[in-house]
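Shown below: target.txt, with compact mmCIF, C-alpha atoms and all ligand atoms.
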```txt
# COMPACT_ATOMS: atom_id res chain seq x y z
CA MET A 1 145.72 -66.30 155.49
CA ASP A 2 146.81 -63.22 157.36
CA LYS A 3 143.55 -62.35 159.12
CA THR A 4 142.30 -62.23 162.69
CA VAL A 5 138.70 -63.01 163.62
CA GLY A 6 137.30 -62.17 167.07
CA VAL A 7 134.54 -64.46 168.33
CA LEU A 8 132.04 -63.67 171.08
CA GLY A 9 131.63 -67.01 172.81
CA GLY A 10 133.89 -70.06 172.97
CA GLY A 11 131.63 -73.10 173.35
CA GLN A 12 131.50 -76.09 171.01
CA LEU A 13 130.42 -73.99 168.02
CA GLY A 14 133.38 -71.65 168.55
CA ARG A 15 135.64 -74.67 168.93
CA MET A 16 134.55 -76.23 165.62
CA PHE A 17 134.80 -72.80 163.96
CA ALA A 18 138.36 -72.58 165.31
CA GLU A 19 139.18 -75.97 163.75
CA ALA A 20 138.09 -74.61 160.35
CA ALA A 21 140.04 -71.37 160.85
CA ASN A 22 143.16 -73.28 161.95
CA ARG A 23 143.20 -75.16 158.65
CA LEU A 24 143.28 -71.86 156.74
CA ASN A 25 145.79 -70.39 159.19
CA VAL A 26 143.38 -67.63 160.22
CA THR A 27 143.92 -66.40 163.78
CA VAL A 28 140.88 -66.65 166.07
CA LYS A 29 140.59 -64.64 169.29
CA ILE A 30 137.92 -65.81 171.73
CA LEU A 31 136.02 -63.82 174.34
CA ASP A 32 134.71 -66.20 176.99
CA LYS A 33 135.67 -67.86 180.27
CA GLU A 34 139.31 -68.89 180.77
CA ASP A 35 138.64 -72.61 180.20
CA ALA A 36 136.18 -72.27 177.29
CA PRO A 37 136.23 -75.26 174.86
CA ALA A 38 137.35 -73.14 171.87
CA LYS A 39 140.35 -71.67 173.71
CA LYS A 40 141.72 -75.16 174.36
CA ILE A 41 142.62 -75.62 170.68
CA LEU A 42 143.87 -72.08 170.04
CA ASN A 43 147.24 -71.58 171.64
CA HIS A 44 148.07 -67.86 171.77
CA PRO A 45 147.99 -65.26 174.53
CA SER A 46 145.51 -62.78 173.03
CA HIS A 47 142.19 -64.36 174.00
CA ILE A 48 140.00 -62.24 176.27
CA SER A 49 138.83 -63.66 179.55
CA GLY A 50 135.37 -62.40 180.37
CA SER A 51 131.76 -62.37 179.30
CA PHE A 52 130.27 -61.79 175.83
CA LYS A 53 127.65 -59.73 177.65
CA ASN A 54 130.25 -57.33 179.06
CA SER A 55 130.77 -54.16 177.02
CA ALA A 56 134.36 -53.51 178.18
CA SER A 57 135.40 -57.08 177.28
CA ILE A 58 133.77 -56.80 173.85
CA ARG A 59 135.59 -53.50 173.21
CA GLU A 60 138.86 -55.18 174.24
CA LEU A 61 138.20 -58.11 171.86
CA SER A 62 137.57 -55.78 168.93
CA LYS A 63 141.12 -54.37 169.10
CA GLY A 64 143.32 -55.87 166.39
CA CYS A 65 140.59 -57.99 164.78
CA ASP A 66 139.71 -57.73 161.09
CA VAL A 67 136.15 -58.83 161.83
CA LEU A 68 134.05 -59.77 164.87
CA THR A 69 131.53 -62.58 164.82
CA ILE A 70 129.46 -64.64 167.28
CA GLU A 71 128.92 -68.27 168.19
CA ILE A 72 125.97 -67.40 170.46
CA GLU A 73 123.31 -64.72 169.95
CA HIS A 74 122.87 -63.83 173.64
CA VAL A 75 125.47 -61.07 173.53
CA ASP A 76 125.52 -57.34 174.35
CA THR A 77 124.33 -55.81 171.06
CA THR A 78 124.32 -52.19 172.33
CA VAL A 79 128.11 -52.10 172.40
CA LEU A 80 128.29 -54.00 169.08
CA LYS A 81 126.12 -51.32 167.45
CA GLU A 82 128.38 -48.63 168.89
CA LEU A 83 131.54 -50.40 167.63
CA SER A 84 129.94 -50.90 164.23
CA SER A 85 129.21 -47.16 163.97
CA GLN A 86 132.91 -46.58 164.71
CA GLY A 87 133.89 -48.74 161.72
CA VAL A 88 134.47 -52.15 163.34
CA ALA A 89 133.37 -54.94 160.95
CA ILE A 90 130.80 -57.18 162.66
CA GLU A 91 129.10 -60.11 160.89
CA PRO A 92 126.25 -60.68 160.92
CA TYR A 93 125.18 -57.09 161.68
CA PRO A 94 124.49 -56.20 165.33
CA GLU A 95 120.98 -55.13 164.28
CA THR A 96 120.38 -58.67 162.97
CA ILE A 97 121.65 -60.24 166.19
CA SER A 98 119.45 -57.97 168.32
CA ILE A 99 116.29 -58.84 166.35
CA ILE A 100 117.02 -62.57 166.41
CA GLN A 101 117.98 -62.72 170.10
CA ASP A 102 114.41 -61.73 170.98
CA LYS A 103 112.34 -64.60 169.55
CA TYR A 104 109.17 -62.52 169.52
CA LEU A 105 110.78 -59.65 167.59
CA GLN A 106 112.34 -62.25 165.29
CA LYS A 107 108.85 -63.54 164.41
CA GLU A 108 107.46 -60.03 163.94
CA HIS A 109 110.38 -59.27 161.60
CA LEU A 110 109.78 -62.44 159.54
CA LYS A 111 106.05 -61.65 159.27
CA LYS A 112 106.93 -58.20 157.94
CA TYR A 113 108.93 -59.89 155.18
CA GLU A 114 106.06 -62.29 154.45
CA VAL A 115 107.90 -65.36 155.67
CA ALA A 116 105.61 -68.09 157.06
CA VAL A 117 106.15 -68.51 160.81
CA ALA A 118 104.40 -70.29 163.67
CA GLN A 119 101.61 -67.98 164.90
CA SER A 120 102.63 -66.05 168.00
CA MET A 121 101.09 -63.74 170.58
CA LYS A 122 102.60 -61.18 172.92
CA ILE A 123 102.27 -61.72 176.68
CA PRO A 124 102.99 -58.29 178.20
CA THR A 125 102.90 -59.05 181.94
CA GLY A 126 102.79 -62.85 182.25
CA SER A 127 99.51 -62.94 184.18
CA SER A 128 97.28 -66.02 184.28
CA LYS A 129 94.53 -63.91 182.68
CA GLU A 130 96.74 -63.33 179.63
CA LEU A 131 97.56 -67.02 179.38
CA GLU A 132 93.87 -67.93 179.59
CA MET A 133 93.28 -65.56 176.67
CA VAL A 134 96.02 -67.34 174.70
CA GLY A 135 94.34 -70.68 175.45
CA GLU A 136 91.05 -69.32 174.13
CA ALA A 137 92.65 -67.95 170.99
CA PHE A 138 95.09 -70.80 170.15
CA GLY A 139 93.49 -73.75 171.94
CA TYR A 140 95.52 -76.31 173.91
CA PRO A 141 98.26 -77.30 173.92
CA PHE A 142 100.11 -74.09 173.15
CA MET A 143 103.79 -73.35 173.66
CA LEU A 144 104.77 -70.71 176.20
CA LYS A 145 108.21 -69.37 175.31
CA SER A 146 110.81 -67.05 176.79
CA ARG A 147 111.61 -64.24 174.41
CA ARG A 148 115.30 -64.18 175.33
CA GLU A 149 118.15 -66.44 176.50
CA ALA A 150 116.43 -69.60 175.28
CA TYR A 151 118.37 -72.68 174.15
CA ASP A 152 117.87 -76.45 174.10
CA GLY A 153 114.22 -75.97 175.05
CA ARG A 154 115.18 -74.26 178.35
CA GLY A 155 112.77 -71.39 178.15
CA ASN A 156 109.84 -73.34 176.67
CA PHE A 157 106.82 -74.74 178.50
CA PRO A 158 104.12 -76.71 176.66
CA VAL A 159 100.81 -75.68 178.27
CA LYS A 160 98.51 -78.68 177.85
CA SER A 161 95.40 -77.28 179.53
CA ASP A 162 94.22 -74.29 181.57
CA LYS A 163 95.04 -76.29 184.71
CA GLN A 164 98.75 -75.99 183.85
CA ILE A 165 98.77 -72.19 183.61
CA SER A 166 100.05 -71.52 187.11
CA GLU A 167 102.73 -74.22 186.77
CA ALA A 168 103.85 -72.64 183.49
CA ILE A 169 104.05 -69.16 185.04
CA GLU A 170 106.09 -70.55 187.94
CA ALA A 171 108.46 -72.44 185.60
CA LEU A 172 109.24 -69.35 183.50
CA LYS A 173 108.95 -66.66 186.16
CA ASP A 174 111.04 -63.49 185.81
CA ARG A 175 111.34 -64.00 182.04
CA GLU A 176 109.76 -61.98 179.25
CA LEU A 177 107.27 -64.30 177.57
CA TYR A 178 105.27 -64.83 174.41
CA ALA A 179 103.07 -67.70 173.25
CA GLU A 180 103.01 -69.80 170.11
CA LYS A 181 100.25 -71.79 168.55
CA TRP A 182 101.05 -75.51 168.69
CA ALA A 183 102.48 -76.72 165.39
CA LYS A 184 101.21 -80.23 164.59
CA PHE A 185 104.27 -81.15 162.57
CA ARG A 186 104.95 -84.42 160.79
CA ALA A 187 108.66 -83.59 160.77
CA GLU A 188 111.06 -80.86 161.76
CA LEU A 189 113.38 -79.68 159.01
CA ALA A 190 116.41 -77.43 159.11
CA VAL A 191 118.49 -75.65 156.49
CA MET A 192 121.85 -73.97 156.96
CA VAL A 193 121.97 -70.81 154.84
CA VAL A 194 125.12 -68.91 153.92
CA GLN A 195 124.91 -65.21 153.27
CA THR A 196 127.94 -63.84 151.42
CA LYS A 197 128.71 -60.33 150.17
CA ASP A 198 126.73 -60.98 147.02
CA SER A 199 124.64 -64.13 147.36
CA THR A 200 122.48 -66.35 149.59
CA LEU A 201 123.30 -70.06 149.38
CA ALA A 202 121.70 -73.07 151.03
CA TYR A 203 122.88 -76.44 152.30
CA PRO A 204 120.43 -79.36 151.83
CA ALA A 205 117.25 -79.55 153.91
CA VAL A 206 117.76 -81.99 156.77
CA GLU A 207 115.45 -83.61 159.29
CA THR A 208 115.96 -82.90 162.98
CA VAL A 209 114.57 -85.10 165.73
CA HIS A 210 114.13 -83.46 169.13
CA GLU A 211 113.59 -85.19 172.45
CA ASN A 212 112.40 -83.07 175.39
CA SER A 213 112.92 -80.02 173.16
CA ILE A 214 116.64 -80.86 172.67
CA CYS A 215 118.01 -81.82 169.29
CA LYS A 216 118.91 -85.51 169.35
CA LEU A 217 119.40 -86.61 165.74
CA VAL A 218 119.89 -85.00 162.34
CA TYR A 219 119.26 -86.89 159.09
CA ALA A 220 120.81 -85.47 155.93
CA PRO A 221 118.94 -85.50 153.66
CA ALA A 222 115.56 -85.52 155.45
CA ARG A 223 113.82 -88.92 155.30
CA ASN A 224 110.42 -89.46 153.65
CA VAL A 225 110.13 -85.92 152.32
CA SER A 226 109.75 -85.32 148.58
CA SER A 227 112.43 -83.46 146.70
CA ALA A 228 109.88 -80.76 145.86
CA ILE A 229 109.32 -80.07 149.58
CA LEU A 230 113.04 -80.17 150.31
CA LYS A 231 113.51 -77.54 147.63
CA LYS A 232 110.65 -75.46 149.10
CA ALA A 233 112.34 -75.67 152.52
CA GLN A 234 115.62 -74.40 151.06
CA ASP A 235 113.80 -71.55 149.30
CA LEU A 236 111.89 -70.55 152.46
CA ALA A 237 115.10 -70.62 154.51
CA LYS A 238 116.89 -68.46 151.93
CA LYS A 239 114.02 -65.97 151.80
CA ALA A 240 114.03 -65.71 155.61
CA VAL A 241 117.79 -65.22 155.91
CA ALA A 242 117.90 -62.75 153.02
CA SER A 243 115.69 -60.44 155.14
CA PHE A 244 118.55 -60.06 157.65
CA LYS A 245 121.63 -57.94 157.12
CA GLY A 246 125.14 -59.27 157.37
CA LYS A 247 127.31 -62.16 156.29
CA GLY A 248 127.79 -65.63 157.68
CA VAL A 249 125.85 -68.85 158.20
CA PHE A 250 122.37 -68.95 159.69
CA GLY A 251 120.56 -72.04 160.99
CA VAL A 252 116.88 -72.11 160.02
CA GLU A 253 114.57 -74.49 161.92
CA MET A 254 111.20 -75.32 160.35
CA PHE A 255 108.04 -77.31 160.99
CA LEU A 256 106.65 -79.46 158.17
CA LEU A 257 102.94 -79.71 158.91
CA GLU A 258 100.70 -82.63 158.00
CA ASP A 259 99.34 -80.78 154.95
CA ASP A 260 102.94 -80.18 153.76
CA THR A 261 102.92 -76.49 154.75
CA LEU A 262 106.26 -75.21 155.98
CA LEU A 263 106.50 -72.77 158.90
CA ILE A 264 109.66 -71.28 160.35
CA ASN A 265 110.24 -72.16 164.01
CA GLU A 266 113.34 -70.05 164.61
CA ILE A 267 116.57 -68.77 163.13
CA ALA A 268 120.05 -68.77 164.63
CA PRO A 269 122.48 -66.13 163.27
CA ARG A 270 125.49 -68.48 163.49
CA PRO A 271 126.61 -72.09 162.96
CA HIS A 272 124.03 -74.49 164.35
CA ASN A 273 123.67 -78.00 165.78
CA SER A 274 121.63 -79.03 162.74
CA GLY A 275 124.68 -78.26 160.55
CA HIS A 276 127.34 -80.33 162.35
CA TYR A 277 126.89 -83.08 159.74
CA THR A 278 128.45 -80.77 157.12
CA ILE A 279 131.92 -81.32 158.64
CA GLU A 280 132.08 -84.86 157.28
CA ALA A 281 129.32 -84.85 154.67
CA CYS A 282 130.09 -81.73 152.59
CA PRO A 283 133.28 -80.45 150.93
CA VAL A 284 132.86 -77.09 152.71
CA SER A 285 131.45 -77.36 156.25
CA GLN A 286 129.16 -74.81 157.90
CA TYR A 287 132.22 -73.61 159.87
CA ASP A 288 134.34 -73.27 156.72
CA ALA A 289 131.45 -71.45 155.06
CA HIS A 290 131.00 -69.05 157.98
CA LEU A 291 134.70 -68.20 157.92
CA ARG A 292 134.77 -67.74 154.14
CA ALA A 293 131.59 -65.65 154.15
CA ILE A 294 132.77 -63.19 156.81
CA LEU A 295 136.20 -62.85 155.16
CA ASP A 296 134.76 -62.47 151.62
CA LEU A 297 136.48 -65.67 150.39
CA PRO A 298 134.88 -67.70 147.56
CA ILE A 299 132.31 -70.47 148.28
CA PRO A 300 131.47 -72.65 145.26
CA GLU A 301 127.77 -73.51 145.58
CA SER A 302 128.38 -77.18 144.72
CA SER A 303 130.68 -77.45 147.77
CA LEU A 304 127.57 -77.23 149.98
CA GLN A 305 126.10 -80.44 148.56
CA LEU A 306 126.23 -83.81 150.30
CA ARG A 307 129.02 -86.19 149.31
CA GLU A 308 126.85 -88.98 150.78
CA PRO A 309 123.99 -89.29 153.30
CA ALA A 310 124.81 -88.57 156.93
CA ILE A 311 123.28 -88.98 160.38
CA MET A 312 124.41 -86.93 163.37
CA LEU A 313 123.72 -88.01 166.95
CA ASN A 314 124.22 -85.66 169.89
CA ILE A 315 125.95 -87.03 172.97
CA LEU A 316 124.23 -85.48 175.98
CA GLY A 317 125.53 -85.78 179.52
CA GLY A 318 124.00 -88.33 181.88
CA SER A 319 123.83 -88.51 185.66
CA ASP A 320 127.32 -90.06 185.72
CA PRO A 321 129.65 -87.13 184.88
CA LYS A 322 131.77 -89.36 182.61
CA ALA A 323 128.86 -91.12 180.83
CA HIS A 324 129.45 -89.22 177.57
CA LEU A 325 133.01 -90.59 177.39
CA LYS A 326 131.66 -94.14 177.39
CA ILE A 327 129.63 -93.32 174.27
CA ALA A 328 132.68 -91.82 172.58
CA GLU A 329 134.76 -94.89 173.47
CA LYS A 330 132.09 -97.18 172.04
CA ALA A 331 131.94 -95.08 168.87
CA LEU A 332 135.68 -95.59 168.26
CA SER A 333 134.94 -99.14 167.08
CA VAL A 334 131.95 -98.22 164.92
CA PRO A 335 132.84 -97.98 161.21
CA ARG A 336 132.26 -94.79 159.17
CA THR A 337 131.84 -92.80 162.39
CA SER A 338 133.50 -89.47 163.25
CA ILE A 339 133.59 -88.42 166.90
CA HIS A 340 133.61 -84.90 168.33
CA LEU A 341 134.12 -84.24 172.04
CA TYR A 342 133.70 -80.66 173.22
CA ALA A 343 136.14 -80.63 176.16
CA LYS A 344 133.60 -79.26 178.63
CA GLY A 345 134.89 -81.39 181.53
CA ASP A 346 132.31 -83.31 183.55
CA GLY A 347 128.93 -83.88 181.98
CA SER A 348 125.55 -83.17 183.51
CA LYS A 349 122.11 -84.34 182.50
CA GLY A 350 120.96 -82.92 179.16
CA ARG A 351 124.15 -80.91 178.50
CA LYS A 352 125.61 -81.23 175.00
CA MET A 353 129.00 -82.91 175.50
CA GLY A 354 129.83 -84.11 171.99
CA HIS A 355 128.38 -85.65 168.85
CA VAL A 356 129.04 -88.37 166.31
CA THR A 357 128.41 -88.34 162.58
CA VAL A 358 128.03 -91.43 160.39
CA THR A 359 128.20 -91.11 156.62
CA ALA A 360 127.38 -94.00 154.26
CA PRO A 361 126.34 -94.56 150.64
CA THR A 362 122.67 -94.77 151.70
CA THR A 363 120.61 -93.50 154.65
CA ARG A 364 119.55 -97.08 155.34
CA GLU A 365 123.18 -98.15 155.82
CA ALA A 366 123.89 -95.13 158.01
CA GLU A 367 120.81 -95.95 160.13
CA ALA A 368 121.99 -99.51 160.69
CA ILE A 369 125.48 -98.35 161.64
CA ILE A 370 124.34 -95.68 164.10
CA GLN A 371 121.58 -97.69 165.85
CA PRO A 372 123.83 -99.24 168.54
CA LEU A 373 125.05 -95.72 169.43
CA ILE A 374 121.47 -94.40 169.65
CA ASP A 375 120.71 -97.30 172.00
CA ALA A 376 123.75 -96.46 174.13
CA VAL A 377 122.75 -92.77 174.29
CA ASP A 378 119.20 -93.79 175.31
CA VAL A 379 120.64 -95.79 178.23
CA ILE A 380 122.58 -92.84 179.66
CA SER A 381 119.82 -90.30 179.13
CA GLY A 382 117.01 -92.64 180.23
P1 LIG A 401 117.45 -74.36 170.28
O1 LIG A 401 118.38 -75.16 171.12
O2 LIG A 401 117.12 -74.99 168.96
O3 LIG A 401 117.79 -72.91 170.19
P2 LIG A 401 115.12 -73.40 171.76
O4 LIG A 401 115.30 -73.49 173.22
O5 LIG A 401 115.27 -72.08 171.12
O6 LIG A 401 116.03 -74.48 171.06
P3 LIG A 401 112.72 -74.00 170.22
O7 LIG A 401 113.46 -74.22 168.97
O8 LIG A 401 111.81 -72.85 170.31
O9 LIG A 401 113.68 -74.00 171.50
O10 LIG A 401 111.88 -75.31 170.58
C1 LIG A 401 112.52 -76.55 170.82
C2 LIG A 401 111.65 -77.66 170.26
O11 LIG A 401 110.35 -77.63 170.89
C3 LIG A 401 111.34 -77.55 168.78
O12 LIG A 401 112.40 -78.03 167.99
C4 LIG A 401 110.06 -78.38 168.69
O13 LIG A 401 110.36 -79.75 168.75
C5 LIG A 401 109.34 -77.97 169.96
N1 LIG A 401 108.48 -76.78 169.67
C6 LIG A 401 108.86 -75.47 169.74
N2 LIG A 401 107.85 -74.64 169.39
C7 LIG A 401 106.80 -75.41 169.10
C8 LIG A 401 105.45 -75.16 168.65
N3 LIG A 401 105.00 -73.92 168.46
N4 LIG A 401 104.66 -76.24 168.43
C9 LIG A 401 105.09 -77.50 168.63
N5 LIG A 401 106.34 -77.81 169.04
C10 LIG A 401 107.20 -76.80 169.27
MG MG A 402 116.69 -71.39 169.84
MG MG A 403 115.30 -74.43 168.25
```
Could the structure of this file be written out as structure tokens, please?
Amino acid sequence: MDKTVGVLGGGQLGRMFAEAANRLNVTVKILDKEDAPAKKILNHPSHISGSFKNSASIRELSKGCDVLTIEIEHVDTTVLKELSSQGVAIEPYPETISIIQDKYLQKEHLKKYEVAVAQSMKIPTGSSKELEMVGEAFGYPFMLKSRREAYDGRGNFPVKSDKQISEAIEALKDRELYAEKWAKFRAELAVMVVQTKDSTLAYPAVETVHENSICKLVYAPARNVSSAILKKAQDLAKKAVASFKGKGVFGVEMFLLEDDTLLINEIAPRPHNSGHYTIEACPVSQYDAHLRAILDLPIPESSLQLREPAIMLNILGGSDPKAHLKIAEKALSVPRTSIHLYAKGDGSKGRKMGHVTVTAPTTREAEAIIQPLIDAVDVISG
């Protein structure tokens, strides 16, 4: 296909997007550091070396691209809005990215569209007085969150009692903050939603398991959740995404509370960790779907369904910089297992270095197959 897509960011999401684009012979130009993971599988001289927060680099990237998109939301949206007003196609819309990149504004937006979200409160100056007021209103624990630049839980601090207020302020100093009421969830669910030029489609609702606020495992479909709730989760995710302008995939993270209420935790305006399983488990992956959506190519709805159950396990770095490679080597001998390494070089503790996906006729079989790899991951991250 004779198209060129420019991507702000070239991490693992950009790399897997590039794999999908390569199969359709779509050219992908990346704006990121010289040795970014995505650039390593895209051999042409027109990548841009620089930052996705730098306006001049973004302007440079936009030249000769049919459409610009993102693999990370922490980008300069002022220049994207300016380029958009000059006729550059950007998906999703810069306005959408700028709302979502501020988690507090994102929640205010969702409330305006009557989408159920975790209750939140503004913290204008970050004083201990303000946090005490949050404690009185929400009770303890509550979650203190950075409005911007948050990922993998870096930016969150669970405040367990008023004695932890000064520690929380110190941990997140110099960041714009807001607070969230603690969600007593029985499970976390996620749905990848695809917004095309004329429809909003959903992948199945999956279960995500986080450890230390980092996604560890994804079960597709979610375990021990009725099909009625799974359907409700898909509908809520679609309603939330439909309130944002622009095409592409969106990752919607949700809390399933003990009384079966669903609340949105957050939305990502791009492919997402909770959708990696789609590469092996669905005929059209989240990366294929993102590419097709932004280029106005067809996406049959049934291609978003599971071929068979899947479990995805993240491989995080350990204290040994090569620890993640040992997991990947072990996984080579595990049946029904696909391995993805992100080519980030040496690992460090908690950094996402790769993932594996097991698919099997039943979740139970997939669980048995993946258990030795979960054990191995626990050893390096323990
Ligand atoms: P991501 O890498 O998904 O972008 P993030 O840094 O934006 O992560 P969040 O999604 O806000 O972080 O939170 C990470 C995890 O922390 C959640 O998946 C959940 O397990 C826990 N968490 C977040 N907010 C709350 C809350 N209000 N109540 C209880 N747990 C929460
Ligand atoms: Mg996030
Ligand atoms: Mg999250």
#### Entry: Residues within 6 Å of region 305-311 of chain A, all atoms listed in the file, excluding chain neighbours under 4 positions, as an NGL selection string
:A and (218-220 or 281-282 or 357-363)
For the residues selected in the previous step, produce a file with C-alpha atoms as a short mmCIF file (atom, residue, chain, number, x, y, z; two decimals), in the frame of the given file.
```
data_model
loop_
_atom_site.label_atom_id
_atom_site.label_comp_id
_atom_site.auth_asym_id
_atom_site.auth_seq_id
_atom_site.Cartn_x
_atom_site.Cartn_y
_atom_site.Cartn_z
CA VAL A 218 119.89 -85.00 162.34
CA TYR A 219 119.26 -86.89 159.09
CA ALA A 220 120.81 -85.47 155.93
CA ALA A 281 129.32 -84.85 154.67
CA CYS A 282 130.09 -81.73 152.59
CA THR A 357 128.41 -88.34 162.58
CA VAL A 358 128.03 -91.43 160.39
CA THR A 359 128.20 -91.11 156.62
CA ALA A 360 127.38 -94.00 154.26
CA PRO A 361 126.34 -94.56 150.64
CA THR A 362 122.67 -94.77 151.70
CA THR A 363 120.61 -93.50 154.65
#
```
### Query
In Å, how far is it from CA of Lys33 (chain A) to CA of Glu60 (chain A)?
14.4 Å
#### Entry: Ref. answer, residues at most 8 Å from (102.1, -68.7, 179.1) with all atoms listed in the file, as a ChimeraX atom specification
/A:123,126,128,130-131,134,143-145,157,159,165,168-169,177-179
### Query
Contacts of Val284 (chain A) at 6 Å or less, counting all atoms listed in the file, minus same-chain residues fewer than 3 places along, as JSON, numbers by chain?
{"A": [288, 303, 304]}
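The protein and nucleic acid residues lying at most 12 Å from Asn43 (chain A) are A:Ala18, A:Asn22, A:Thr27, A:Val28, A:Lys29, A:Ile30, A:Ala38, with all atoms listed in the file considered and sequence neighbours fewer than 5 positions away removed.
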Just need the box for ligand LIG 401 (chain A), edges along x, y and z, holding every atom the file lists for it with 5 Å tacked onto each side, so centre and edge lengths in Å to one decimal, as JSON.
```
{"center_x": 111.5, "center_y": -75.9, "center_z": 170.6, "size_x": 23.7, "size_y": 17.7, "size_z": 15.2}
```
### Task
Within 7 Å of region 243-254 of chain A, counting only C-alpha atoms, which residues show up once you throw out same-chain ones fewer than 5 positions away? Write them as a PyMOL selection string, please.
chain A and resi 91-93+96+113+188-197+237+262-272+286+289-290+293-294
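In terms of minimum interatomic distance to Trp182 (chain A), A:Pro158 ranks closest within A:Gly345, A:Ser227, A:Pro158, A:Glu95, counting all atoms listed in the file.
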### Query
From the list A:Ala150, A:Ala187, A:Leu332, A:Ala137, which residue is nearest ligand MG 403 (chain A) when using all atoms listed in the file?
A:Ala150
### Query
Taking all atoms listed in the file into account, which of A:Thr337, A:Gln106, A:Ser166, A:Ser381 comes nearest ligand LIG 401 (chain A)?
A:Gln106
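Comparing A:Asp174, A:Glu367, A:Glu149, A:Glu258 by their smallest distance to ligand LIG 401 (chain A), the closest is A:Glu149 (using all atoms listed in the file).
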### Query
What lies within 8 Å of Val356 (chain A) using all atoms listed in the file, ignoring chain neighbours under 2 positions off, as a PyMOL selection string?
chain A and resi 312-315+331+337-340+354+358
### Message
Counting only C-alpha atoms and all ligand atoms, what are the residues, protein, DNA or RNA alike, that approach ligand LIG 401 (chain A) to within 6 Å? I want them as a PyMOL selection string.
### Response
chain A and resi 143+150-155+180-183+210+213
### Message
Between CA of Val5 (chain A) and CA of Glu71 (chain A), what distance in Å does the model show, to one decimal?
### Response
12.0 Å
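With only C-alpha atoms and all ligand atoms as the basis for measurement, A:Val209 is the residue among A:Val225, A:Ile279, A:Leu68, A:Val209 that approaches ligand MG 403 (chain A) most closely.
The spacing separating CA of Leu61 (chain A) from CA of Val75 (chain A) amounts to 13.2 Å.
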